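Quick notes on the structure that follows.
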Amino acid sequence: MCLYVFIGMVGFVTFAYATTDIPDDLNSFATQQDNVYYWADGSTMARTGWVSRQEMPLDKVPAEVQGAVLAAENASFYSDPGVSPKGVLRAVRAAVTGGETQGGSTITQQYVKNAYLNQDRTLSRKFTELMLALKLDSKSGKKQILQDYLNTSWFGRGTYGIQRASQAYYGKDVSQLNASEGAFLASLLKGAGLFDPALSEDNHARAVERWNWILDRMVETGHLSRAERATYTKFPEPTGPGTAGTPGAQTGYLVELAKAYAIKSGHIKDSDFDLGGYQIYTTFDQARMTALTAAVQGAQKDFDAERRPTTDKHAKIGAASVAPDGRLLAVYGGPDYLKQGFNESNATTIPAGTAFTPIVYAAALDEGVLRTRGKARTPVSPSSPYDGNDQVTVQTPEGPYWDRSGKVVKGRNDGGRNWGQVTLNQAVAHSVNTPMLQLGLDVGLDRVESFALRSGLLASSLGPRIPVFALGENSTPSAIRMAGAYETFAANGMHTDPYSVRSITRNGAAVPVAAPKPTRAMQAKTARAVTEALRDAVTEGSAKTASKAHPGAAGKTGTTATNTAGWFVASTEQESTAVVVYRMSLTDLIPLPLTGLGGDAPGTPSSERAVRLWADYIKAVK
């Protein structure tokens, strides 16, 4: 009778093995990974994706760490058939007698359960696990199984895989772990909720006990020498669980920018990116982000939408800082990305105003002017005189410029001031509008547009080529692009498009990234002349309140005829920074006047708040 039962059991197992196929599809979490974003200094900035997991090749996992896992979970892993023989007998006995399922799983069985099956404790699930483990062991190499197991196991703190666990508990890649740290992480495989020492004192005691046991077990299994074991006497306390990595507040805007750049420059399909596994190393400087955010929040303290709804409601600030080589160092995108997805640093909804005029000046110095049709272009210089009076009629080679309503177009200065004859340098430095309006037509608005594009402004943000184009009234470049354009002047006429990602890897392998290259936007002498005018603006002109923050800075204020934007864009040796203050409802995206914002007295330039904000930021990062 016993012989018949044994033969029947063997036949049953043989049939089950033969008819068991390894599924083509793994559980969704076993393939889904998160994407991790890093600050410029290499520290973790944010993680995105519903599964906190990052794959890591086995050869990047130190041998001692692998040994800790094997010693803790399955010392016979490299010699067993993928299942515990005793476990097979228990499962078969349960199948025949109707008994309960038993534990004692190997690493291969644990991986099969995690990757292919559900977590139900039923007889059919347990038996399927055994058959799949046997089949997988015969089809896949042991190293592949161990790698997959380490990349899909649950380690607590919201993490799957030993790479994310290493970052969550020790703040470093798994490749940097030692045997002691590896032994602690291996203890979590028995149940992270019981062994994470941050959760309770009892957990801490259990973790220390399990850690000691695993290290001793590693000596027994040959994965650690007695001499090295003797050096590990102090428990490797992991860091406490933190909130770093959650893309809210300002980091959400950074993730948005970096993701878009990574996909475009890395030629990554959206669908591939969403599967995760990417490490995106950004250009963002954490200290500068902190300083810029603090400066903006300091400026916003004056806003009171409840007491002054007609002047302060919908007040917004966008800001961005760009390094000389195009690296995007910091941005202020809004109050909180989770509450407002609209990125104020990258928005193309607010006119640049007279912050645009240095581009007109550069075009004139490089291209000369044309005042008589059919004649040669005439060079101009910083000392070339122009009429700086208010209400000056705009001239074309054929005579006054008439708009479509049949009116002669006239320039207007802030406050209706008559400046008399001024040089082009003075017109830029003191933000005198009428000379710049005329200069735009003298150069040719098509050439001004070309210079704007070469300086990094996007074609989609540039308005129609009518006279006010020269004053930035109908062009709406973002703060990021304005900072990049001014960096062109500081870089002696070489422009590098702003970029937010230095490098990308996926599961430890580099992903090629097409980094922007510097191009010649204007002659070096032209850039130096523009910079000199911008420096004069800070020392004695429209932005002189900024001079105390950074002597030698070169910048320009920007306002509009309708008083809907207050800009300040300036360069130092380290960076170019653009700040724009404006009011706009996100329901209609229509700019609103800034008069009286924050309780400002009538006549206060709308750009003054941007200047003060820039000064606070620059003083913090000097």
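How things are named: the first chain in the structure tokens is A, the next is B, and so on; residues count from 1 in each chain; ligands count from 1 in the order shown.
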
Applying 10 Å and only C-alpha atoms, which residues near segment 304-316 of chain A remain after dropping the ones on its own chain fewer than 2 positions away? List them as a PDB file with N, CA and C atoms, in the first residue's frame.
```pdb
ATOM      1  N   VAL A 296      12.152  84.586  -1.990  1.00  0.00           N
ATOM      2  CA  VAL A 296      10.801  84.764  -2.531  1.00  0.00           C
ATOM      3  C   VAL A 296       9.781  84.824  -1.396  1.00  0.00           C
ATOM      4  N   GLN A 300       7.108  87.726  -0.357  1.00  0.00           N
ATOM      5  CA  GLN A 300       5.666  87.458  -0.346  1.00  0.00           C
ATOM      6  C   GLN A 300       5.004  87.834   0.971  1.00  0.00           C
ATOM      7  N   LYS A 301       5.788  88.074   2.006  1.00  0.00           N
ATOM      8  CA  LYS A 301       5.205  88.443   3.294  1.00  0.00           C
ATOM      9  C   LYS A 301       4.424  89.755   3.210  1.00  0.00           C
ATOM     10  N   ASP A 302       4.785  90.571   2.218  1.00  0.00           N
ATOM     11  CA  ASP A 302       4.081  91.851   2.061  1.00  0.00           C
ATOM     12  C   ASP A 302       2.720  91.675   1.402  1.00  0.00           C
ATOM     13  N   GLY A 318       8.108  84.466 -10.196  1.00  0.00           N
ATOM     14  CA  GLY A 318       8.893  83.431 -10.845  1.00  0.00           C
ATOM     15  C   GLY A 318      10.360  83.833 -10.803  1.00  0.00           C
ATOM     16  N   GLY A 333       9.299  77.930  -8.540  1.00  0.00           N
ATOM     17  CA  GLY A 333       8.206  77.616  -9.445  1.00  0.00           C
ATOM     18  C   GLY A 333       6.834  77.956  -8.934  1.00  0.00           C
ATOM     19  N   GLY A 334       6.697  78.135  -7.623  1.00  0.00           N
ATOM     20  CA  GLY A 334       5.381  78.400  -7.063  1.00  0.00           C
ATOM     21  C   GLY A 334       5.332  77.968  -5.612  1.00  0.00           C
ATOM     22  N   PRO A 335       4.176  78.082  -4.980  1.00  0.00           N
ATOM     23  CA  PRO A 335       4.072  77.800  -3.540  1.00  0.00           C
ATOM     24  C   PRO A 335       4.273  76.333  -3.191  1.00  0.00           C
ATOM     25  N   GLU A 344       5.949  78.831 -12.298  1.00  0.00           N
ATOM     26  CA  GLU A 344       6.107  80.260 -12.561  1.00  0.00           C
ATOM     27  C   GLU A 344       7.486  80.616 -13.095  1.00  0.00           C
ATOM     28  N   VAL A 580      10.797  87.768 -11.730  1.00  0.00           N
ATOM     29  CA  VAL A 580       9.650  88.502 -12.267  1.00  0.00           C
ATOM     30  C   VAL A 580       8.519  88.452 -11.254  1.00  0.00           C
ATOM     31  N   VAL A 581       7.961  89.630 -10.958  1.00  0.00           N
ATOM     32  CA  VAL A 581       6.821  89.761 -10.059  1.00  0.00           C
ATOM     33  C   VAL A 581       5.626  90.161 -10.902  1.00  0.00           C
ATOM     34  N   TYR A 582       4.508  89.474 -10.701  1.00  0.00           N
ATOM     35  CA  TYR A 582       3.333  89.784 -11.522  1.00  0.00           C
ATOM     36  C   TYR A 582       2.076  89.312 -10.806  1.00  0.00           C
ATOM     37  N   ARG A 583       0.942  89.670 -11.367  1.00  0.00           N
ATOM     38  CA  ARG A 583      -0.355  89.202 -10.879  1.00  0.00           C
ATOM     39  C   ARG A 583      -1.113  88.581 -12.031  1.00  0.00           C
ATOM     40  N   MET A 584      -1.666  87.390 -11.771  1.00  0.00           N
ATOM     41  CA  MET A 584      -2.379  86.714 -12.847  1.00  0.00           C
ATOM     42  C   MET A 584      -3.206  85.566 -12.265  1.00  0.00           C
ATOM     43  N   SER A 585      -4.453  85.501 -12.641  1.00  0.00           N
ATOM     44  CA  SER A 585      -5.297  84.382 -12.245  1.00  0.00           C
ATOM     45  C   SER A 585      -4.995  83.201 -13.163  1.00  0.00           C
ATOM     46  N   LEU A 586      -4.854  82.027 -12.580  1.00  0.00           N
ATOM     47  CA  LEU A 586      -4.537  80.850 -13.388  1.00  0.00           C
ATOM     48  C   LEU A 586      -5.754  80.328 -14.147  1.00  0.00           C
ATOM     49  N   PRO A 591      -2.662  88.915 -17.437  1.00  0.00           N
ATOM     50  CA  PRO A 591      -1.880  89.716 -16.484  1.00  0.00           C
ATOM     51  C   PRO A 591      -2.704  90.860 -15.915  1.00  0.00           C
ATOM     52  N   LEU A 592      -2.512  91.115 -14.627  1.00  0.00           N
ATOM     53  CA  LEU A 592      -3.222  92.174 -13.928  1.00  0.00           C
ATOM     54  C   LEU A 592      -2.224  93.246 -13.487  1.00  0.00           C
ATOM     55  N   PRO A 593      -2.670  94.486 -13.307  1.00  0.00           N
ATOM     56  CA  PRO A 593      -1.745  95.569 -12.914  1.00  0.00           C
ATOM     57  C   PRO A 593      -1.160  95.352 -11.529  1.00  0.00           C
ATOM     58  N   LEU A 594       0.065  95.844 -11.346  1.00  0.00           N
ATOM     59  CA  LEU A 594       0.780  95.681 -10.087  1.00  0.00           C
ATOM     60  C   LEU A 594       0.645  96.895  -9.170  1.00  0.00           C
ATOM     61  N   THR A 595      -0.069  97.907  -9.587  1.00  0.00           N
ATOM     62  CA  THR A 595      -0.196  99.134  -8.798  1.00  0.00           C
ATOM     63  C   THR A 595      -0.710  98.830  -7.403  1.00  0.00           C
ATOM     64  N   GLY A 596       0.048  99.272  -6.377  1.00  0.00           N
ATOM     65  CA  GLY A 596      -0.366  99.084  -4.990  1.00  0.00           C
ATOM     66  C   GLY A 596      -0.054  97.720  -4.416  1.00  0.00           C
ATOM     67  N   LEU A 597       0.591  96.837  -5.168  1.00  0.00           N
ATOM     68  CA  LEU A 597       0.902  95.497  -4.669  1.00  0.00           C
ATOM     69  C   LEU A 597       1.727  95.575  -3.388  1.00  0.00           C
ATOM     70  N   GLY A 598       1.311  94.818  -2.392  1.00  0.00           N
ATOM     71  CA  GLY A 598       2.056  94.778  -1.137  1.00  0.00           C
ATOM     72  C   GLY A 598       2.029  96.082  -0.372  1.00  0.00           C
ATOM     73  N   GLY A 599       1.083  96.955  -0.689  1.00  0.00           N
ATOM     74  CA  GLY A 599       0.990  98.237  -0.010  1.00  0.00           C
ATOM     75  C   GLY A 599       1.962  99.275  -0.535  1.00  0.00           C
ATOM     76  N   ASP A 600       2.551  99.037  -1.719  1.00  0.00           N
ATOM     77  CA  ASP A 600       3.494 100.001  -2.284  1.00  0.00           C
ATOM     78  C   ASP A 600       2.811 101.345  -2.537  1.00  0.00           C
TER      79      ASP A 600
END
```

Proximity check segment 167-283 of chain A to segment 506-524 of chain A, 6 Å, nearest pairs one decimal Å, only C-alpha atoms, as a Markdown table:
```
| residue | atom | partner | partner_atom | distance |
| --- | --- | --- | --- | --- |
| A:Ser265 | CA | A:Ala514 | CA | 5.2 |
| A:Gly266 | CA | A:Val513 | CA | 4.7 |
| A:Gly277 | CA | A:Arg506 | CA | 5.4 |
| A:Tyr278 | CA | A:Arg506 | CA | 4.3 |
| A:Gln279 | CA | A:Arg506 | CA | 6.0 |
```

Quick one: residues within 12 Å of segment 615-619 of chain A, only C-alpha atoms, excluding same-chain residues fewer than 5 positions away - as a tab-separated table (two decimals) with all heavy atoms, in the first residue's frame?
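Written out: out-v6.tsv:
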```tsv
chain	number	residue	atom	x	y	z
A	287	ALA	N	21.68	74.42	-1.93
A	287	ALA	CA	21.85	75.64	-1.14
A	287	ALA	C	21.22	76.83	-1.85
A	287	ALA	O	20.58	77.69	-1.21
A	287	ALA	CB	23.33	75.89	-0.88
A	288	ARG	N	21.40	76.91	-3.16
A	288	ARG	CA	20.80	78.02	-3.91
A	288	ARG	C	19.28	77.90	-3.95
A	288	ARG	O	18.57	78.92	-3.90
A	288	ARG	CB	21.39	78.07	-5.33
A	288	ARG	CG	22.75	78.73	-5.38
A	288	ARG	CD	23.32	78.75	-6.79
A	288	ARG	NE	24.40	79.71	-6.91
A	288	ARG	CZ	25.63	79.54	-6.49
A	288	ARG	NH1	25.96	78.39	-5.91
A	288	ARG	NH2	26.55	80.48	-6.63
A	289	MET	N	18.77	76.68	-4.05
A	289	MET	CA	17.32	76.51	-4.00
A	289	MET	C	16.76	77.01	-2.67
A	289	MET	O	15.72	77.68	-2.63
A	289	MET	CB	16.97	75.03	-4.20
A	289	MET	CG	16.89	74.60	-5.65
A	289	MET	SD	15.58	75.45	-6.58
A	289	MET	CE	14.14	75.03	-5.59
A	290	THR	N	17.44	76.68	-1.60
A	290	THR	CA	16.99	77.12	-0.28
A	290	THR	C	17.03	78.64	-0.18
A	290	THR	O	16.09	79.27	0.33
A	290	THR	CB	17.89	76.50	0.81
A	290	THR	OG1	17.80	75.07	0.75
A	290	THR	CG2	17.47	76.97	2.19
A	291	ALA	N	18.11	79.25	-0.67
A	291	ALA	CA	18.26	80.70	-0.60
A	291	ALA	C	17.22	81.41	-1.47
A	291	ALA	O	16.62	82.42	-1.06
A	291	ALA	CB	19.66	81.11	-1.04
A	292	LEU	N	16.98	80.88	-2.67
A	292	LEU	CA	16.01	81.52	-3.57
A	292	LEU	C	14.60	81.40	-3.02
A	292	LEU	O	13.82	82.37	-3.05
A	292	LEU	CB	16.10	80.89	-4.96
A	292	LEU	CG	15.25	81.55	-6.05
A	292	LEU	CD1	15.61	83.01	-6.21
A	292	LEU	CD2	15.42	80.82	-7.38
A	293	THR	N	14.27	80.24	-2.50
A	293	THR	CA	12.94	80.05	-1.91
A	293	THR	C	12.73	80.99	-0.73
A	293	THR	O	11.67	81.61	-0.59
A	293	THR	CB	12.76	78.59	-1.46
A	293	THR	OG1	12.92	77.72	-2.58
A	293	THR	CG2	11.39	78.37	-0.85
A	294	ALA	N	13.75	81.13	0.11
A	294	ALA	CA	13.65	82.02	1.26
A	294	ALA	C	13.48	83.47	0.82
A	294	ALA	O	12.70	84.23	1.42
A	294	ALA	CB	14.88	81.87	2.14
A	295	ALA	N	14.20	83.88	-0.23
A	295	ALA	CA	14.11	85.26	-0.72
A	295	ALA	C	12.71	85.54	-1.25
A	295	ALA	O	12.13	86.61	-1.00
A	295	ALA	CB	15.15	85.50	-1.79
A	296	VAL	N	12.15	84.59	-1.99
A	296	VAL	CA	10.80	84.76	-2.53
A	296	VAL	C	9.78	84.82	-1.40
A	296	VAL	O	8.90	85.70	-1.37
A	296	VAL	CB	10.45	83.62	-3.51
A	296	VAL	CG1	8.98	83.71	-3.91
A	296	VAL	CG2	11.33	83.69	-4.75
A	297	GLN	N	9.89	83.90	-0.47
A	297	GLN	CA	8.93	83.89	0.64
A	297	GLN	C	9.04	85.15	1.48
A	297	GLN	O	8.03	85.62	2.02
A	297	GLN	CB	9.16	82.63	1.48
A	297	GLN	CG	8.77	81.35	0.75
A	297	GLN	CD	9.12	80.09	1.52
A	297	GLN	OE1	9.91	80.12	2.46
A	297	GLN	NE2	8.55	78.97	1.12
A	298	GLY	N	10.25	85.70	1.59
A	298	GLY	CA	10.40	86.96	2.29
A	298	GLY	C	9.67	88.09	1.59
A	298	GLY	O	9.02	88.93	2.23
A	299	ALA	N	9.76	88.11	0.26
A	299	ALA	CA	9.07	89.14	-0.52
A	299	ALA	C	7.56	88.97	-0.44
A	299	ALA	O	6.80	89.95	-0.44
A	299	ALA	CB	9.53	89.08	-1.98
A	319	ALA	N	11.24	82.86	-10.65
A	319	ALA	CA	12.67	83.18	-10.56
A	319	ALA	C	13.49	81.99	-11.03
A	319	ALA	O	13.08	80.84	-10.89
A	319	ALA	CB	13.06	83.57	-9.14
A	320	ALA	N	14.66	82.29	-11.60
A	320	ALA	CA	15.56	81.23	-12.06
A	320	ALA	C	16.99	81.74	-12.06
A	320	ALA	O	17.24	82.92	-12.30
A	320	ALA	CB	15.17	80.77	-13.46
A	321	SER	N	17.92	80.83	-11.80
A	321	SER	CA	19.34	81.17	-11.78
A	321	SER	C	20.10	80.17	-12.65
A	321	SER	O	19.93	78.96	-12.50
A	321	SER	CB	19.86	81.12	-10.34
A	321	SER	OG	21.15	81.67	-10.25
A	330	ALA	N	18.94	77.00	-9.87
A	330	ALA	CA	17.81	77.12	-8.94
A	330	ALA	C	16.64	77.76	-9.65
A	330	ALA	O	16.82	78.56	-10.58
A	330	ALA	CB	18.21	77.96	-7.72
A	331	VAL	N	15.44	77.40	-9.22
A	331	VAL	CA	14.23	78.06	-9.72
A	331	VAL	C	13.25	78.20	-8.57
A	331	VAL	O	13.32	77.45	-7.59
A	331	VAL	CB	13.55	77.26	-10.86
A	331	VAL	CG1	14.49	77.03	-12.02
A	331	VAL	CG2	12.98	75.94	-10.36
A	332	TYR	N	12.38	79.16	-8.69
A	332	TYR	CA	11.22	79.21	-7.81
A	332	TYR	C	10.01	79.06	-8.71
A	332	TYR	O	9.72	79.92	-9.54
A	332	TYR	CB	11.13	80.51	-7.02
A	332	TYR	CG	9.93	80.51	-6.09
A	332	TYR	CD1	10.02	79.92	-4.83
A	332	TYR	CD2	8.71	81.03	-6.48
A	332	TYR	CE1	8.91	79.86	-3.98
A	332	TYR	CE2	7.59	80.98	-5.66
A	332	TYR	CZ	7.70	80.39	-4.41
A	332	TYR	OH	6.60	80.32	-3.58
A	538	VAL	N	23.30	99.08	-12.57
A	538	VAL	CA	23.35	98.71	-11.15
A	538	VAL	C	24.05	99.77	-10.31
A	538	VAL	O	23.65	100.07	-9.18
A	538	VAL	CB	24.04	97.34	-10.98
A	538	VAL	CG1	24.26	97.01	-9.51
A	538	VAL	CG2	23.22	96.25	-11.66
A	543	ALA	N	18.74	100.26	-11.57
A	543	ALA	CA	18.82	99.17	-10.58
A	543	ALA	C	19.85	99.45	-9.50
A	543	ALA	O	20.42	98.52	-8.92
A	543	ALA	CB	19.14	97.86	-11.30
A	544	LYS	N	20.10	100.71	-9.19
A	544	LYS	CA	21.19	101.03	-8.28
A	544	LYS	C	20.95	100.54	-6.85
A	544	LYS	O	21.90	100.42	-6.08
A	544	LYS	CB	21.48	102.52	-8.28
A	544	LYS	CG	20.33	103.41	-7.88
A	544	LYS	CD	20.72	104.88	-8.05
A	544	LYS	CE	19.56	105.82	-7.74
A	544	LYS	NZ	19.95	107.23	-7.97
A	545	THR	N	19.70	100.21	-6.51
A	545	THR	CA	19.46	99.66	-5.17
A	545	THR	C	20.05	98.26	-5.02
A	545	THR	O	20.15	97.75	-3.91
A	545	THR	CB	17.95	99.59	-4.87
A	545	THR	OG1	17.29	98.87	-5.91
A	545	THR	CG2	17.35	100.99	-4.78
A	546	ALA	N	20.46	97.65	-6.16
A	546	ALA	CA	21.06	96.31	-6.10
A	546	ALA	C	22.56	96.35	-5.89
A	546	ALA	O	23.18	95.31	-5.62
A	546	ALA	CB	20.76	95.54	-7.40
A	547	SER	N	23.17	97.54	-5.98
A	547	SER	CA	24.64	97.63	-5.96
A	547	SER	C	25.24	97.17	-4.65
A	547	SER	O	26.34	96.61	-4.62
A	547	SER	CB	25.08	99.06	-6.26
A	547	SER	OG	24.56	99.96	-5.29
A	548	LYS	N	24.53	97.37	-3.53
A	548	LYS	CA	25.09	96.97	-2.24
A	548	LYS	C	25.14	95.45	-2.09
A	548	LYS	O	25.97	94.93	-1.35
A	548	LYS	CB	24.26	97.57	-1.11
A	548	LYS	CG	24.35	99.09	-1.02
A	548	LYS	CD	23.53	99.62	0.15
A	548	LYS	CE	23.62	101.13	0.24
A	548	LYS	NZ	22.80	101.66	1.38
A	549	ALA	N	24.26	94.74	-2.78
A	549	ALA	CA	24.21	93.29	-2.64
A	549	ALA	C	25.41	92.63	-3.30
A	549	ALA	O	25.94	91.64	-2.80
A	549	ALA	CB	22.92	92.73	-3.24
A	550	HIS	N	25.83	93.18	-4.43
A	550	HIS	CA	26.96	92.57	-5.15
A	550	HIS	C	27.59	93.61	-6.06
A	550	HIS	O	27.20	93.78	-7.21
A	550	HIS	CB	26.50	91.37	-5.98
A	550	HIS	CG	27.62	90.52	-6.46
A	550	HIS	ND1	28.54	90.95	-7.40
A	550	HIS	CD2	28.00	89.26	-6.14
A	550	HIS	CE1	29.41	89.98	-7.65
A	550	HIS	NE2	29.11	88.95	-6.90
A	551	PRO	N	28.60	94.34	-5.57
A	551	PRO	CA	29.30	95.31	-6.43
A	551	PRO	C	29.86	94.59	-7.66
A	551	PRO	O	30.45	93.52	-7.55
A	551	PRO	CB	30.42	95.82	-5.52
A	551	PRO	CG	29.92	95.59	-4.13
A	551	PRO	CD	29.12	94.31	-4.20
A	553	ALA	N	27.88	93.59	-10.16
A	553	ALA	CA	26.81	92.89	-10.85
A	553	ALA	C	26.36	93.70	-12.05
A	553	ALA	O	26.45	94.93	-12.07
A	553	ALA	CB	25.63	92.66	-9.91
A	555	GLY	N	23.02	94.21	-14.42
A	555	GLY	CA	21.62	93.83	-14.52
A	555	GLY	C	20.73	94.92	-15.05
A	555	GLY	O	21.14	96.07	-15.21
A	568	PHE	N	13.69	91.89	-12.80
A	568	PHE	CA	15.09	92.24	-12.64
A	568	PHE	C	15.91	91.02	-13.05
A	568	PHE	O	15.68	89.92	-12.55
A	568	PHE	CB	15.45	92.65	-11.21
A	568	PHE	CG	16.88	93.12	-11.08
A	568	PHE	CD1	17.34	94.19	-11.84
A	568	PHE	CD2	17.77	92.50	-10.23
A	568	PHE	CE1	18.65	94.63	-11.75
A	568	PHE	CE2	19.09	92.93	-10.12
A	568	PHE	CZ	19.53	94.01	-10.88
A	569	VAL	N	16.82	91.25	-13.99
A	569	VAL	CA	17.69	90.18	-14.48
A	569	VAL	C	19.11	90.68	-14.34
A	569	VAL	O	19.43	91.79	-14.80
A	569	VAL	CB	17.40	89.81	-15.94
A	569	VAL	CG1	18.11	88.51	-16.30
A	569	VAL	CG2	15.90	89.70	-16.21
A	570	ALA	N	19.97	89.91	-13.68
A	570	ALA	CA	21.33	90.37	-13.44
A	570	ALA	C	22.30	89.20	-13.39
A	570	ALA	O	21.94	88.07	-13.06
A	570	ALA	CB	21.40	91.15	-12.13
A	571	SER	N	23.55	89.51	-13.74
A	571	SER	CA	24.62	88.51	-13.75
A	571	SER	C	25.70	88.86	-12.74
A	571	SER	O	26.05	90.02	-12.56
A	571	SER	CB	25.25	88.40	-15.14
A	571	SER	OG	24.29	88.04	-16.10
A	572	THR	N	26.22	87.81	-12.08
A	572	THR	CA	27.43	87.92	-11.27
A	572	THR	C	28.45	86.96	-11.88
A	572	THR	O	28.19	86.34	-12.92
A	572	THR	CB	27.16	87.53	-9.81
A	572	THR	OG1	26.82	86.13	-9.76
A	572	THR	CG2	26.01	88.35	-9.24
A	573	GLU	N	29.58	86.81	-11.22
A	573	GLU	CA	30.59	85.90	-11.75
A	573	GLU	C	30.10	84.46	-11.75
A	573	GLU	O	30.51	83.65	-12.58
A	573	GLU	CB	31.88	85.98	-10.92
A	573	GLU	CG	32.57	87.33	-10.94
A	573	GLU	CD	31.96	88.30	-9.93
A	573	GLU	OE1	30.92	87.97	-9.31
A	573	GLU	OE2	32.52	89.40	-9.76
A	574	GLN	N	29.20	84.11	-10.83
A	574	GLN	CA	28.77	82.73	-10.67
A	574	GLN	C	27.50	82.38	-11.43
A	574	GLN	O	27.28	81.22	-11.78
A	574	GLN	CB	28.53	82.42	-9.19
A	574	GLN	CG	29.78	82.34	-8.34
A	574	GLN	CD	30.34	83.72	-7.99
A	574	GLN	OE1	29.57	84.67	-7.83
A	574	GLN	NE2	31.65	83.82	-7.90
A	575	GLU	N	26.63	83.37	-11.71
A	575	GLU	CA	25.32	83.02	-12.25
A	575	GLU	C	24.60	84.25	-12.79
A	575	GLU	O	24.94	85.39	-12.47
A	575	GLU	CB	24.47	82.40	-11.14
A	575	GLU	CG	24.23	83.34	-9.97
A	575	GLU	CD	23.99	82.60	-8.68
A	575	GLU	OE1	22.89	82.05	-8.52
A	575	GLU	OE2	24.90	82.56	-7.83
A	576	SER	N	23.59	83.97	-13.60
A	576	SER	CA	22.64	85.00	-14.03
A	576	SER	C	21.28	84.62	-13.46
A	576	SER	O	20.86	83.46	-13.57
A	576	SER	CB	22.57	85.08	-15.55
A	576	SER	OG	23.75	85.65	-16.08
A	577	THR	N	20.61	85.60	-12.89
A	577	THR	CA	19.35	85.32	-12.20
A	577	THR	C	18.27	86.26	-12.70
A	577	THR	O	18.50	87.47	-12.83
A	577	THR	CB	19.52	85.49	-10.68
A	577	THR	OG1	20.58	84.64	-10.23
A	577	THR	CG2	18.25	85.13	-9.94
A	578	ALA	N	17.12	85.70	-12.99
A	578	ALA	CA	15.97	86.49	-13.43
A	578	ALA	C	14.86	86.36	-12.40
A	578	ALA	O	14.56	85.25	-11.93
A	578	ALA	CB	15.48	86.01	-14.79
A	579	VAL	N	14.25	87.48	-12.05
A	579	VAL	CA	13.13	87.50	-11.12
A	579	VAL	C	12.01	88.30	-11.77
A	579	VAL	O	12.25	89.40	-12.29
A	579	VAL	CB	13.51	88.17	-9.78
A	579	VAL	CG1	12.31	88.21	-8.83
A	579	VAL	CG2	14.68	87.44	-9.12
A	608	GLU	N	10.94	97.23	-8.53
A	608	GLU	CA	11.73	97.43	-7.31
A	608	GLU	C	11.68	96.21	-6.40
A	608	GLU	O	12.67	95.84	-5.77
A	608	GLU	CB	11.24	98.67	-6.56
A	608	GLU	CG	12.08	99.04	-5.35
A	608	GLU	CD	13.54	99.30	-5.68
A	608	GLU	OE1	13.83	99.75	-6.82
A	608	GLU	OE2	14.39	99.04	-4.81
A	609	ARG	N	10.53	95.56	-6.32
A	609	ARG	CA	10.41	94.38	-5.47
A	609	ARG	C	11.29	93.24	-6.02
A	609	ARG	O	11.90	92.49	-5.26
A	609	ARG	CB	8.95	93.92	-5.38
A	609	ARG	CG	8.71	92.87	-4.28
A	609	ARG	CD	7.22	92.53	-4.22
A	609	ARG	NE	6.41	93.72	-4.01
A	609	ARG	CZ	6.16	94.25	-2.83
A	609	ARG	NH1	6.67	93.72	-1.74
A	609	ARG	NH2	5.39	95.32	-2.72
A	610	ALA	N	11.36	93.13	-7.34
A	610	ALA	CA	12.21	92.11	-7.94
A	610	ALA	C	13.68	92.38	-7.65
A	610	ALA	O	14.47	91.45	-7.41
A	610	ALA	CB	11.97	92.06	-9.45
```

Excluding segment 470-486 of chain A and residues on its chain fewer than 2 positions from it, collect all residues at most 6 Å away from it, counting only C-alpha atoms, and give them as a PyMOL selection string. chain A and resi 319-320+345-354+356-357+437+440+455-457+461-463+468+488-489+576-578

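When the distance limit is 9 Å and only C-alpha atoms are what count, the residues near Pro241 of chain A, minus those fewer than 4 positions from it on the same chain, are Arg157, Ala168, Tyr169 and Ala198 of chain A.
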
Restrict the selected residues to C-alpha atoms and save them as a PDB file, in the first residue's frame.
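The resulting file, selection.pdb, is shown below:
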```pdb
ATOM      1  CA  ARG A 157      10.327  51.989   4.515  1.00  0.00           C
ATOM      2  CA  ALA A 168      16.655  54.358   2.617  1.00  0.00           C
ATOM      3  CA  TYR A 169      18.596  53.003   5.604  1.00  0.00           C
ATOM      4  CA  ALA A 198      13.464  53.150  14.100  1.00  0.00           C
TER       5      ALA A 198
END
```

Residues at most 9 Å from Arg210 of chain A, counting only C-alpha atoms, excluding those fewer than 3 positions away in the same chain, as a list in words?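 My reading of the contact set: Ala183, Phe184, Ser187, Phe195, Ala205, Arg206, Ala207, Trp213, Ile214 and Leu215 of chain A.
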
Secondary structure check, helix (DSSP H, G or I) residues of segment 245-404 of chain A, as an NGL selection string: :A and (251-265 or 270-275 or 286-300 or 309-312 or 353-367)

DSSP-assigned strand (DSSP E) among segment 127-288 of chain A, expressed as a list in words: Trp154, Phe155, Gly156, Thr159, Tyr160, Tyr278, Gln279, Ile280, Tyr281 and Thr282 of chain A

Show me, as a list of chain:residue names, the residues that have an atom within 8 Å of segment 366-376 of chain A when counting only C-alpha atoms, minus same-chain residues fewer than 4 positions from it.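 My list of contacting residues is A:Ala362, A:Val380, A:Thr396, A:Pro397, A:Glu398, A:Leu439, A:Asp442, A:Val443, A:Gly444, A:Arg447, A:Met522, A:Gln523, A:Thr526.
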
Coordinates-based distance that separates atom CA of Glu532 of chain A from atom CA of Val392 of chain A (Å, one decimal):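 According to the coordinates, atom CA of Val392 of chain A and atom CA of Glu532 of chain A are separated by 26.4 Å.
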
Taking only C-alpha atoms into account, name the residue in A:Asp497, A:Asp387, A:Glu449, A:Glu55 that is nearest to Val36 of chain A.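 Ranking A:Asp497, A:Asp387, A:Glu449, A:Glu55 by distance to Val36 of chain A, first place goes to A:Glu55.
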